[in-house]
Amino acid sequence: MVELKTDTDIDAMYATGQVVGRALTAVRQAADVGVSLLELDELAHGVLREAGATSPFLGYRPSFAPTPFPAVICASVNDAIVHGIPDAYRLRDGDLLSVDFGAQLGGWAGDSAISFVVGEPRPADIRLVETAERALAAGIEAAVVGNRVGDIAHAVGSVCRAAGYGIPDGFGGHGVGRRMHEDPPVPNEGRPGRGLRLRRGMVLAIEPMLIGSGADGYHEAPDGWTLRTNDGSRAAHAEHTVAITDAGPRVLTSREEARTG
């Protein structure tokens, strides 16, 4: 069931989303050659504590997971698409890092993700990350009253495919509200004019995931969480939590521009 949020609810979700935005900005600013993924996780955890918020990631265990998720960020490096578990790995020059982060504050959830290169970027990685952001922007632009979920999926998928990138099947966006994952699912590829009609008060996480080689194949790593590309190519992930309003889409997890890696 899809829960419609009031204007007051959406304002409260914006407050949660700003905690998410601050944490991702802080992580991006701190990510540098030699910094460990665990250090970035602790930094994000500190932003939660300072805001009086909690993590919907920490301890999360969906049906597919062998163990509860042990961190507050997902940190996916290079060929990891999503759900990477932070560990002692220290970032190297040229690593492509995707960071997914959520917060729970005042009973409302927020969810967002960024991808960027640490140190000296390769042109191919810059293009991959920029395309993920363009796909996200296209999906947000389609998130208007009267459209359908398929219009968002088509907008995202069209940008990805036109650029020659792969899309991991079965993973995409979702509703957000009292819980991090709610109805409806929001695929990253689909047919326009199909699916649930978008209504004022719906809040959706729109999150393109791109595979650099153009192939769609992926597999689950031994940790039971991390998804990796089958061919070892790099991946990028971008996400915002977006409210559908009569005035157009409202990005709840907006963030200040951080320096490039």
# chains A, B, ... in the order shown; residues from 1 in each chain; ligands from 1
>>> select_by_dssp(residues="region 48-246 of chain A", states="strand (DSSP E)", output="NGL selection string")
:A and (73-77 or 80-82 or 96-105 or 108-117 or 173-175 or 182-186 or 203-206 or 209-211 or 218-220 or 227-229 or 235-237 or 240-245)
>>> residues_around(residues="Ala238 (chain A)", least_positions_apart="2", cutoff="10 Å", atoms="only C-alpha atoms", output="number ranges by chain")
A: 98-100, 112-116, 129-137, 206-210, 236, 240
>>> closest_residue(among="A:Ala26, A:Ala103, A:Ile167, A:Val149", to="Arg199 (chain A)", atoms="only C-alpha atoms")
A:Val149
>>> residues_around(residues="region 153-158 of chain A", least_positions_apart="4", cutoff="7 Å", atoms="only C-alpha atoms", output="ChimeraX atom specification")
/A:135-136,138-139,142,149,162,186-192,208
>>> write_last_selection(atoms="N, CA and C atoms", output="mmCIF file, in the first residue's frame")
data_model
loop_
_atom_site.group_PDB
_atom_site.id
_atom_site.type_symbol
_atom_site.label_atom_id
_atom_site.label_comp_id
_atom_site.auth_asym_id
_atom_site.auth_seq_id
_atom_site.Cartn_x
_atom_site.Cartn_y
_atom_site.Cartn_z
ATOM 1 N N ALA A 135 20.874 10.655 -15.359
ATOM 2 C CA ALA A 135 19.751 9.722 -15.294
ATOM 3 C C ALA A 135 18.874 10.024 -14.084
ATOM 4 N N LEU A 136 19.508 10.336 -12.956
ATOM 5 C CA LEU A 136 18.757 10.710 -11.757
ATOM 6 C C LEU A 136 17.951 11.975 -12.015
ATOM 7 N N ALA A 138 16.843 13.108 -14.816
ATOM 8 C CA ALA A 138 15.741 12.798 -15.733
ATOM 9 C C ALA A 138 14.598 12.105 -14.998
ATOM 10 N N GLY A 139 14.949 11.193 -14.088
ATOM 11 C CA GLY A 139 13.917 10.522 -13.305
ATOM 12 C C GLY A 139 13.160 11.484 -12.417
ATOM 13 N N ALA A 142 10.628 13.557 -14.260
ATOM 14 C CA ALA A 142 9.412 12.813 -14.610
ATOM 15 C C ALA A 142 8.508 12.553 -13.411
ATOM 16 N N VAL A 149 4.693 5.571 -12.702
ATOM 17 C CA VAL A 149 6.007 5.064 -12.313
ATOM 18 C C VAL A 149 6.813 4.684 -13.553
ATOM 19 N N ALA A 162 21.193 5.098 -23.697
ATOM 20 C CA ALA A 162 21.724 5.966 -24.758
ATOM 21 C C ALA A 162 23.225 6.181 -24.610
ATOM 22 N N VAL A 186 10.323 1.330 -7.843
ATOM 23 C CA VAL A 186 10.565 2.273 -8.944
ATOM 24 C C VAL A 186 11.719 1.729 -9.788
ATOM 25 N N PRO A 187 11.428 0.971 -10.843
ATOM 26 C CA PRO A 187 12.493 0.366 -11.646
ATOM 27 C C PRO A 187 13.336 1.414 -12.364
ATOM 28 N N ASN A 188 14.501 0.988 -12.809
ATOM 29 C CA ASN A 188 15.403 1.861 -13.553
ATOM 30 C C ASN A 188 15.271 1.696 -15.061
ATOM 31 N N GLU A 189 14.272 0.946 -15.485
ATOM 32 C CA GLU A 189 13.986 0.790 -16.901
ATOM 33 C C GLU A 189 12.533 0.367 -17.039
ATOM 34 N N GLY A 190 11.838 0.900 -18.021
ATOM 35 C CA GLY A 190 10.434 0.537 -18.181
ATOM 36 C C GLY A 190 9.774 1.290 -19.317
ATOM 37 N N ARG A 191 8.496 1.050 -19.475
ATOM 38 C CA ARG A 191 7.736 1.653 -20.563
ATOM 39 C C ARG A 191 6.976 2.874 -20.045
ATOM 40 N N PRO A 192 7.004 3.964 -20.787
ATOM 41 C CA PRO A 192 6.261 5.156 -20.347
ATOM 42 C C PRO A 192 4.768 4.907 -20.365
ATOM 43 N N PRO A 208 19.267 5.484 -10.028
ATOM 44 C CA PRO A 208 19.938 4.782 -11.128
ATOM 45 C C PRO A 208 21.182 4.047 -10.663
#
>>> atom_distance(atom1="CA of Ala243 (chain A)", atom2="CA of Arg200 (chain A)")
8.1 Å
>>> closest_residue(among="A:Gly119, A:Gly177, A:Pro68, A:Gly166", to="Gln29 (chain A)", atoms="only C-alpha atoms")
A:Gly119
>>> residues_around(residues="Ala44 (chain A)", least_positions_apart="6", cutoff="12 Å", atoms="only C-alpha atoms", output="PDB file with N, CA and C atoms, in the first residue's frame")
ATOM      1  N   VAL A  19      19.799  15.715   6.991  1.00  0.00           N
ATOM      2  CA  VAL A  19      20.808  14.944   7.729  1.00  0.00           C
ATOM      3  C   VAL A  19      21.550  14.029   6.761  1.00  0.00           C
ATOM      4  N   VAL A  20      20.793  13.387   5.880  1.00  0.00           N
ATOM      5  CA  VAL A  20      21.403  12.514   4.872  1.00  0.00           C
ATOM      6  C   VAL A  20      22.353  13.312   3.986  1.00  0.00           C
ATOM      7  N   GLY A  21      21.894  14.473   3.527  1.00  0.00           N
ATOM      8  CA  GLY A  21      22.729  15.293   2.666  1.00  0.00           C
ATOM      9  C   GLY A  21      24.013  15.745   3.345  1.00  0.00           C
ATOM     10  N   ARG A  22      23.911  16.142   4.625  1.00  0.00           N
ATOM     11  CA  ARG A  22      25.111  16.576   5.350  1.00  0.00           C
ATOM     12  C   ARG A  22      26.110  15.439   5.496  1.00  0.00           C
ATOM     13  N   ALA A  23      25.608  14.244   5.767  1.00  0.00           N
ATOM     14  CA  ALA A  23      26.506  13.105   5.938  1.00  0.00           C
ATOM     15  C   ALA A  23      27.219  12.759   4.635  1.00  0.00           C
ATOM     16  N   LEU A  24      26.497  12.755   3.534  1.00  0.00           N
ATOM     17  CA  LEU A  24      27.126  12.426   2.260  1.00  0.00           C
ATOM     18  C   LEU A  24      28.135  13.491   1.849  1.00  0.00           C
ATOM     19  N   THR A  25      27.827  14.755   2.113  1.00  0.00           N
ATOM     20  CA  THR A  25      28.782  15.818   1.825  1.00  0.00           C
ATOM     21  C   THR A  25      30.047  15.644   2.655  1.00  0.00           C
ATOM     22  N   ALA A  26      29.880  15.319   3.941  1.00  0.00           N
ATOM     23  CA  ALA A  26      31.036  15.120   4.821  1.00  0.00           C
ATOM     24  C   ALA A  26      31.880  13.938   4.365  1.00  0.00           C
ATOM     25  N   VAL A  27      31.219  12.854   3.963  1.00  0.00           N
ATOM     26  CA  VAL A  27      31.954  11.675   3.498  1.00  0.00           C
ATOM     27  C   VAL A  27      32.731  11.994   2.230  1.00  0.00           C
ATOM     28  N   ARG A  28      32.096  12.688   1.316  1.00  0.00           N
ATOM     29  CA  ARG A  28      32.794  13.018   0.069  1.00  0.00           C
ATOM     30  C   ARG A  28      33.992  13.920   0.327  1.00  0.00           C
ATOM     31  N   GLN A  29      33.854  14.862   1.226  1.00  0.00           N
ATOM     32  CA  GLN A  29      34.965  15.752   1.533  1.00  0.00           C
ATOM     33  C   GLN A  29      36.118  15.014   2.214  1.00  0.00           C
ATOM     34  N   ALA A  30      35.786  13.998   3.002  1.00  0.00           N
ATOM     35  CA  ALA A  30      36.822  13.273   3.751  1.00  0.00           C
ATOM     36  C   ALA A  30      37.471  12.160   2.943  1.00  0.00           C
ATOM     37  N   ALA A  31      36.788  11.669   1.931  1.00  0.00           N
ATOM     38  CA  ALA A  31      37.309  10.537   1.155  1.00  0.00           C
ATOM     39  C   ALA A  31      38.556  10.967   0.391  1.00  0.00           C
ATOM     40  N   LEU A  37      37.461   2.777   4.494  1.00  0.00           N
ATOM     41  CA  LEU A  37      36.003   2.785   4.422  1.00  0.00           C
ATOM     42  C   LEU A  37      35.385   2.806   5.818  1.00  0.00           C
ATOM     43  N   LEU A  38      36.038   2.168   6.776  1.00  0.00           N
ATOM     44  CA  LEU A  38      35.546   2.194   8.152  1.00  0.00           C
ATOM     45  C   LEU A  38      35.593   3.608   8.729  1.00  0.00           C
ATOM     46  N   GLU A  50      25.081  13.533  15.999  1.00  0.00           N
ATOM     47  CA  GLU A  50      24.976  14.974  16.211  1.00  0.00           C
ATOM     48  C   GLU A  50      23.553  15.470  15.937  1.00  0.00           C
ATOM     49  N   ALA A  51      22.874  14.853  14.984  1.00  0.00           N
ATOM     50  CA  ALA A  51      21.519  15.265  14.622  1.00  0.00           C
ATOM     51  C   ALA A  51      20.443  14.601  15.482  1.00  0.00           C
ATOM     52  N   ALA A  53      19.690  11.494  15.137  1.00  0.00           N
ATOM     53  CA  ALA A  53      19.042  10.579  14.200  1.00  0.00           C
ATOM     54  C   ALA A  53      19.618   9.174  14.363  1.00  0.00           C
ATOM     55  N   THR A  54      18.946   8.215  13.766  1.00  0.00           N
ATOM     56  CA  THR A  54      19.411   6.831  13.774  1.00  0.00           C
ATOM     57  C   THR A  54      19.570   6.345  12.341  1.00  0.00           C
ATOM     58  N   SER A  55      20.161   5.158  12.207  1.00  0.00           N
ATOM     59  CA  SER A  55      20.435   4.598  10.887  1.00  0.00           C
ATOM     60  C   SER A  55      19.447   3.494  10.539  1.00  0.00           C
ATOM     61  N   PHE A  57      20.048   1.656   8.027  1.00  0.00           N
ATOM     62  CA  PHE A  57      20.918   0.641   7.439  1.00  0.00           C
ATOM     63  C   PHE A  57      21.461  -0.310   8.510  1.00  0.00           C
ATOM     64  N   LEU A  58      21.920   0.258   9.625  1.00  0.00           N
ATOM     65  CA  LEU A  58      22.578  -0.529  10.661  1.00  0.00           C
ATOM     66  C   LEU A  58      21.608  -1.556  11.244  1.00  0.00           C
ATOM     67  N   ALA A  71      26.769  -1.639   9.212  1.00  0.00           N
ATOM     68  CA  ALA A  71      27.304  -0.277   9.120  1.00  0.00           C
ATOM     69  C   ALA A  71      26.187   0.716   8.822  1.00  0.00           C
ATOM     70  N   VAL A  72      26.538   2.012   8.811  1.00  0.00           N
ATOM     71  CA  VAL A  72      25.544   3.049   8.517  1.00  0.00           C
ATOM     72  C   VAL A  72      25.646   3.539   7.079  1.00  0.00           C
ATOM     73  N   ILE A  73      26.743   3.219   6.377  1.00  0.00           N
ATOM     74  CA  ILE A  73      26.834   3.509   4.948  1.00  0.00           C
ATOM     75  C   ILE A  73      27.037   2.215   4.175  1.00  0.00           C
ATOM     76  N   CYS A  74      26.613   2.218   2.933  1.00  0.00           N
ATOM     77  CA  CYS A  74      27.065   1.223   1.965  1.00  0.00           C
ATOM     78  C   CYS A  74      28.200   1.882   1.189  1.00  0.00           C
ATOM     79  N   ALA A  75      29.350   1.237   1.135  1.00  0.00           N
ATOM     80  CA  ALA A  75      30.526   1.778   0.460  1.00  0.00           C
ATOM     81  C   ALA A  75      30.957   0.783  -0.615  1.00  0.00           C
ATOM     82  N   PRO A  86      31.408  -1.512   4.484  1.00  0.00           N
ATOM     83  CA  PRO A  86      32.666  -0.828   4.824  1.00  0.00           C
ATOM     84  C   PRO A  86      33.586  -1.740   5.624  1.00  0.00           C
ATOM     85  N   VAL A  99      28.638   5.751  -2.410  1.00  0.00           N
ATOM     86  CA  VAL A  99      28.242   5.752  -1.002  1.00  0.00           C
ATOM     87  C   VAL A  99      26.736   5.944  -0.915  1.00  0.00           C
ATOM     88  N   ASP A 100      26.071   4.995  -0.281  1.00  0.00           N
ATOM     89  CA  ASP A 100      24.627   5.049  -0.046  1.00  0.00           C
ATOM     90  C   ASP A 100      24.421   5.232   1.450  1.00  0.00           C
ATOM     91  N   PHE A 101      23.475   6.107   1.815  1.00  0.00           N
ATOM     92  CA  PHE A 101      23.314   6.447   3.235  1.00  0.00           C
ATOM     93  C   PHE A 101      21.859   6.784   3.521  1.00  0.00           C
ATOM     94  N   GLY A 102      21.400   6.401   4.698  1.00  0.00           N
ATOM     95  CA  GLY A 102      20.046   6.728   5.120  1.00  0.00           C
ATOM     96  C   GLY A 102      20.018   7.233   6.546  1.00  0.00           C
ATOM     97  N   ALA A 103      18.946   7.919   6.889  1.00  0.00           N
ATOM     98  CA  ALA A 103      18.745   8.405   8.250  1.00  0.00           C
ATOM     99  C   ALA A 103      17.280   8.246   8.629  1.00  0.00           C
TER     100      ALA A 103
END
>>> closest_residue(among="A:Leu252, A:Ala109, A:Ala247, A:Ile211", to="Asn78 (chain A)", atoms="only C-alpha atoms")
A:Ile211
>>> residues_around(residues="Asp231 (chain A)", least_positions_apart="2", cutoff="9 Å", atoms="only C-alpha atoms", output="VMD selection string")
chain A and resid 79 213 215 217 to 218 228 to 229 233 to 234
>>> residues_around(residues="Arg122 (chain A)", least_positions_apart="2", cutoff="12 Å", atoms="only C-alpha atoms", output="ChimeraX atom specification")
/A:78,93-96,116-120,124-129,234,261
>>> residues_around(residues="Thr245 (chain A)", least_positions_apart="2", cutoff="10 Å", atoms="only C-alpha atoms", output="list in words")
Lys5, Thr6, Asp7, Ile10, Ala143, Val144, Val145, Leu198, Arg199, Arg200, Gly201, Met202, Val203, Val242, Ala243, Ala247, Gly248, Pro249 and Arg250 of chain A
>>> select_by_dssp(residues="region 55-165 of chain A", states="helix (DSSP H, G or I)", output="ChimeraX atom specification")
/A:123-141,149-162
>>> write_last_selection(atoms="N, CA and C atoms", output="CSV table (one decimal), in the first residue's frame")
chain,number,residue,atom,x,y,z
A,123,PRO,N,38.9,9.5,-17.5
A,123,PRO,CA,37.8,10.0,-18.2
A,123,PRO,C,36.5,9.1,-18.3
A,124,ALA,N,36.8,7.8,-18.4
A,124,ALA,CA,35.6,6.9,-18.5
A,124,ALA,C,34.8,6.9,-17.2
A,125,ASP,N,35.5,7.1,-16.1
A,125,ASP,CA,34.8,7.1,-14.8
A,125,ASP,C,34.0,8.4,-14.6
A,126,ILE,N,34.6,9.5,-15.1
A,126,ILE,CA,33.9,10.8,-15.0
A,126,ILE,C,32.6,10.7,-15.8
A,127,ARG,N,32.7,10.2,-17.0
A,127,ARG,CA,31.5,10.0,-17.9
A,127,ARG,C,30.5,9.1,-17.2
A,128,LEU,N,30.9,8.1,-16.6
A,128,LEU,CA,30.0,7.1,-15.9
A,128,LEU,C,29.2,7.8,-14.8
A,129,VAL,N,29.9,8.5,-13.9
A,129,VAL,CA,29.3,9.2,-12.8
A,129,VAL,C,28.4,10.3,-13.3
A,130,GLU,N,28.9,11.1,-14.3
A,130,GLU,CA,28.0,12.2,-14.8
A,130,GLU,C,26.7,11.6,-15.4
A,131,THR,N,26.8,10.5,-16.1
A,131,THR,CA,25.6,9.9,-16.7
A,131,THR,C,24.7,9.4,-15.6
A,132,ALA,N,25.2,8.9,-14.5
A,132,ALA,CA,24.3,8.5,-13.4
A,132,ALA,C,23.6,9.7,-12.8
A,133,GLU,N,24.2,10.8,-12.7
A,133,GLU,CA,23.6,12.0,-12.2
A,133,GLU,C,22.6,12.5,-13.2
A,134,ARG,N,22.9,12.4,-14.5
A,134,ARG,CA,21.9,12.9,-15.5
A,134,ARG,C,20.7,11.9,-15.5
A,135,ALA,N,20.9,10.7,-15.4
A,135,ALA,CA,19.8,9.7,-15.3
A,135,ALA,C,18.9,10.0,-14.1
A,136,LEU,N,19.5,10.3,-13.0
A,136,LEU,CA,18.8,10.7,-11.8
A,136,LEU,C,18.0,12.0,-12.0
A,137,ALA,N,18.6,13.0,-12.6
A,137,ALA,CA,17.9,14.2,-12.9
A,137,ALA,C,16.7,14.0,-13.8
A,138,ALA,N,16.8,13.1,-14.8
A,138,ALA,CA,15.7,12.8,-15.7
A,138,ALA,C,14.6,12.1,-15.0
A,139,GLY,N,14.9,11.2,-14.1
A,139,GLY,CA,13.9,10.5,-13.3
A,139,GLY,C,13.2,11.5,-12.4
A,140,ILE,N,13.9,12.4,-11.8
A,140,ILE,CA,13.3,13.4,-10.9
A,140,ILE,C,12.3,14.3,-11.8
A,141,GLU,N,12.8,14.7,-12.9
A,141,GLU,CA,11.9,15.6,-13.8
A,141,GLU,C,10.6,14.9,-14.2
A,149,VAL,N,4.7,5.6,-12.7
A,149,VAL,CA,6.0,5.1,-12.3
A,149,VAL,C,6.8,4.7,-13.6
A,150,GLY,N,6.1,4.2,-14.6
A,150,GLY,CA,6.8,3.8,-15.8
A,150,GLY,C,7.5,5.0,-16.5
A,151,ASP,N,6.9,6.2,-16.3
A,151,ASP,CA,7.6,7.4,-16.9
A,151,ASP,C,8.9,7.7,-16.2
A,152,ILE,N,9.0,7.5,-14.9
A,152,ILE,CA,10.3,7.6,-14.2
A,152,ILE,C,11.2,6.6,-14.7
A,153,ALA,N,10.8,5.3,-14.7
A,153,ALA,CA,11.7,4.2,-15.2
A,153,ALA,C,12.2,4.4,-16.6
A,154,HIS,N,11.3,4.9,-17.5
A,154,HIS,CA,11.7,5.1,-18.9
A,154,HIS,C,12.7,6.3,-18.9
A,155,ALA,N,12.5,7.3,-18.2
A,155,ALA,CA,13.4,8.5,-18.2
A,155,ALA,C,14.8,8.1,-17.8
A,156,VAL,N,14.9,7.3,-16.7
A,156,VAL,CA,16.2,6.8,-16.1
A,156,VAL,C,16.8,5.9,-17.1
A,157,GLY,N,16.1,4.9,-17.6
A,157,GLY,CA,16.7,3.9,-18.4
A,157,GLY,C,17.1,4.4,-19.8
A,158,SER,N,16.4,5.4,-20.3
A,158,SER,CA,16.7,6.0,-21.6
A,158,SER,C,18.1,6.7,-21.6
A,159,VAL,N,18.4,7.4,-20.5
A,159,VAL,CA,19.7,8.1,-20.3
A,159,VAL,C,20.8,7.0,-20.2
A,160,CYS,N,20.6,6.0,-19.4
A,160,CYS,CA,21.6,5.0,-19.2
A,160,CYS,C,21.9,4.2,-20.5
A,161,ARG,N,20.9,3.8,-21.2
A,161,ARG,CA,21.0,3.0,-22.5
A,161,ARG,C,21.6,3.9,-23.6
A,162,ALA,N,21.2,5.1,-23.7
A,162,ALA,CA,21.7,6.0,-24.8
A,162,ALA,C,23.2,6.2,-24.6
